[in-house]
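Q: Just dropping this structure here.
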Amino acid sequence: MRFGPATFGGRPRADQVGASPQYRDGRFHNNVAASVLPRGAMRAAMREMIFGKQVRRPTSPVPLVTPGAAPAEGLHLTWYGHASTLVEMDGRRVLFDPVWSKRCSPFPFAGPRRLHPPPVPLEELPPVDAIVISHDHYDHLDLPTVRQLVRTQEAPFLVPLGVGAHLDRWRVPRQRIIELDWDDGVDLGPARPAGGAGLRLTATAARHFSGRLFARDRTLWGSWVVESGDRKVFYTGDSGYFDGYAAIGEKYGPFDASLIQIGAYSPAWPDIHMTPEDAVKAHVDVRAGLLLPVHWATFVLSYHSWSEPVDRLWREAKAFDVPVAIPRPGERVDVTAPVSVDAWWQPLSG
């Protein structure tokens with residue numbers, strides 16, 4: 001069943017999270033102060049959401065691509081929509097923030113509805129080595145998707161501290177849950193079926209918040225570093241811009257590619273989601289090569305136009321000579337030989 005008390009997840013025990021440097025006074029904190037909704041911003045945001053004239057939905061169907069056979073070698077990225085992305089590194093596969101439901105909501109009858117279907121059924125994904133969750137918001141952690149992945153995949157779920165309590169309540173086997181604090185990492189062994197490079201994932205800092213019901217910040221949020229052999233990819237999760245990106249780049253970079261949140265920004269919440277211009281700065285800070293924007297096109301979570309995030313991102317990337325790939329949902333990107341951007345979204349933008 002999609003809706004019920006379990007949808008909201010579980011509550012972590014203090015002994016599970018209390019040792020974290022980020023945890024105090026009963027909740028997690030950013031290392032750079034962030035306001036979720038500054039005082040006085042709610043009224044203006046609601047007025048714009050209701051009366052704004054932005055084109056927030058595509059004017060015709062979003063073009064989808066069915067990925068071909070998975071490559072055995074190389075570094076490839078497949079964006080399925082919103083933040084859901086598959087990273088393939090010489091046969092190792094990491095699935096980030098999978099959400100396959102029609103709505104990113106605890107309710108089947110309300111909440112943001114998908115603007116396009118998933119480009120591939122969840123059960124048709126190739127076997128993955130890790131399922132990584134950046135934080136516990138509904139557009140990143142989805143109960144029906146998790147339950148199906150428990151049935152169809154064997155990989156562990158890697159989550160920030162406290163998020164394991166949600167998975168426990170959803171009956172994910174405990175041996176498949178790995179919880180990490182910022183700068184904690186885990187090695188997942190050699191490639192399947194044998195040999196090849198290992199796989200290491202590290203949770204890193206972000207500037208955001210958490211919560212699935214009324215209480216906030218009982219679980220941690222984060223960005224992620226994935227490494228296999230000499231290949232590296234960085235994923236921001238959801239985050240406002242902060243100087244932590246330069247520190248991540250210094251400690252873990254350089255990266256072959258970055259997956260960077262570009263959508264759902266607003267002047268009403270400047271600290272917790274990046275603008276497209278912030279995204280380019282973050283990409284440069286972490287010292288990444290190819291930028292692949294995520295967190296746009298699939299759900300209406302702010303009042304900007306549907307295609308504004310990627311138009312602004314593309315313009316800013318060209319200004320700073322940053323290589324960028326903007327694939328259709330389901331289109332696999334070869335990081336070493338990305339195709340030129342063809343602005344496929346613009347005819348859908350009104």
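Naming works like this for the structure tokens: A, B, ... for the chains as they're shown, residue 1 at the start of each chain, ligands 1 onward in shown order.
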Within 9 Å of stretch 223-237 of chain A, which residues of stretch 108-195 of chain A show up? Give each one with its shortest atom-to-atom distance in Å (one decimal) and the two atoms involved, counting only C-alpha atoms, rows by chain then rising residue number, as a tab-separated table.
A:
```
residue	atom	partner	partner_atom	distance
A:Val132	CA	A:Trp224	CA	8.4
A:Ile133	CA	A:Gly237	CA	8.4
A:Ser134	CA	A:Gly237	CA	5.2
A:His135	CA	A:Gly237	CA	7.6
A:His140	CA	A:Gly237	CA	8.8
A:Trp182	CA	A:Ser223	CA	8.5
A:Gly185	CA	A:Val225	CA	8.8
```
Q: Just give me the gap between atom CA of A:Val172 and atom CA of A:Gln148 in Å, one decimal is fine.
A: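 Pair atom CA of A:Val172 / atom CA of A:Gln148 returns 10.5 Å.
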Q: Out of A:His273, A:His137, A:Arg113, A:Lys251, which residue has the shortest atom-to-atom distance to A:Asp217 when counting only C-alpha atoms?
A: A:His137
Q: Contacts of stretch 308-325 of chain A at 7 Å or less, counting only C-alpha atoms, minus same-chain residues fewer than 5 places along, as a short mmCIF file (atom, residue, chain, number, x, y, z; two decimals) with N, CA, C and O atoms, in the first residue's frame?
A:
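Output file result-v3.cif follows:
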```cif
data_model
loop_
_atom_site.label_atom_id
_atom_site.label_comp_id
_atom_site.auth_asym_id
_atom_site.auth_seq_id
_atom_site.Cartn_x
_atom_site.Cartn_y
_atom_site.Cartn_z
N ILE A 262 19.95 21.64 -10.33
CA ILE A 262 19.77 22.97 -10.93
C ILE A 262 18.35 23.50 -10.78
O ILE A 262 18.12 24.68 -11.04
N GLY A 263 17.37 22.69 -10.42
CA GLY A 263 15.99 23.13 -10.41
C GLY A 263 15.41 23.30 -9.02
O GLY A 263 16.03 22.95 -8.02
N PRO A 276 20.92 27.84 -11.24
CA PRO A 276 21.82 27.30 -12.27
C PRO A 276 23.20 27.95 -12.26
O PRO A 276 24.21 27.27 -12.52
N GLU A 277 23.25 29.22 -11.96
CA GLU A 277 24.56 29.89 -11.87
C GLU A 277 25.37 29.35 -10.70
O GLU A 277 26.60 29.16 -10.80
N VAL A 280 27.02 26.01 -11.70
CA VAL A 280 28.28 26.11 -12.43
C VAL A 280 29.43 26.42 -11.46
O VAL A 280 30.52 25.85 -11.56
N GLY A 289 34.99 17.67 -14.51
CA GLY A 289 35.14 17.82 -15.95
C GLY A 289 33.81 18.12 -16.62
O GLY A 289 33.49 19.27 -16.91
N LEU A 290 33.00 17.09 -16.85
CA LEU A 290 31.70 17.25 -17.51
C LEU A 290 30.61 17.50 -16.47
O LEU A 290 30.54 16.82 -15.46
N LEU A 291 29.74 18.48 -16.75
CA LEU A 291 28.61 18.79 -15.86
C LEU A 291 27.33 18.21 -16.46
O LEU A 291 26.98 18.54 -17.61
N LEU A 292 26.63 17.38 -15.69
CA LEU A 292 25.33 16.88 -16.09
C LEU A 292 24.29 17.41 -15.10
O LEU A 292 24.33 17.04 -13.92
N PRO A 338 31.08 13.08 -24.91
CA PRO A 338 29.68 13.51 -24.88
C PRO A 338 29.27 14.16 -26.20
O PRO A 338 30.08 14.81 -26.86
N VAL A 341 25.25 19.52 -27.16
CA VAL A 341 23.91 19.86 -26.69
C VAL A 341 23.05 20.29 -27.88
O VAL A 341 23.48 21.11 -28.70
#
```
Q: Within 10 Å of A:Ser20, counting only C-alpha atoms, which residues show up once you throw out same-chain ones fewer than 2 positions away? Write them as a PyMOL selection string, please.
A: chain A and resi 16-18+22-24+28+161+180-182+220
Q: So which residues of stretch 34-246 of chain A fall under strand (DSSP E) by DSSP, listed as a ChimeraX atom specification?
A: /A:75-81,84-89,92-96,130-132,157-160,177-180,185-187,200-204,223-228,231-235
Q: At what distance in Å, to one decimal, does atom CA of A:Asp271 lie from atom CA of A:Phe299?
A: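 So the answer is 20.3 Å.
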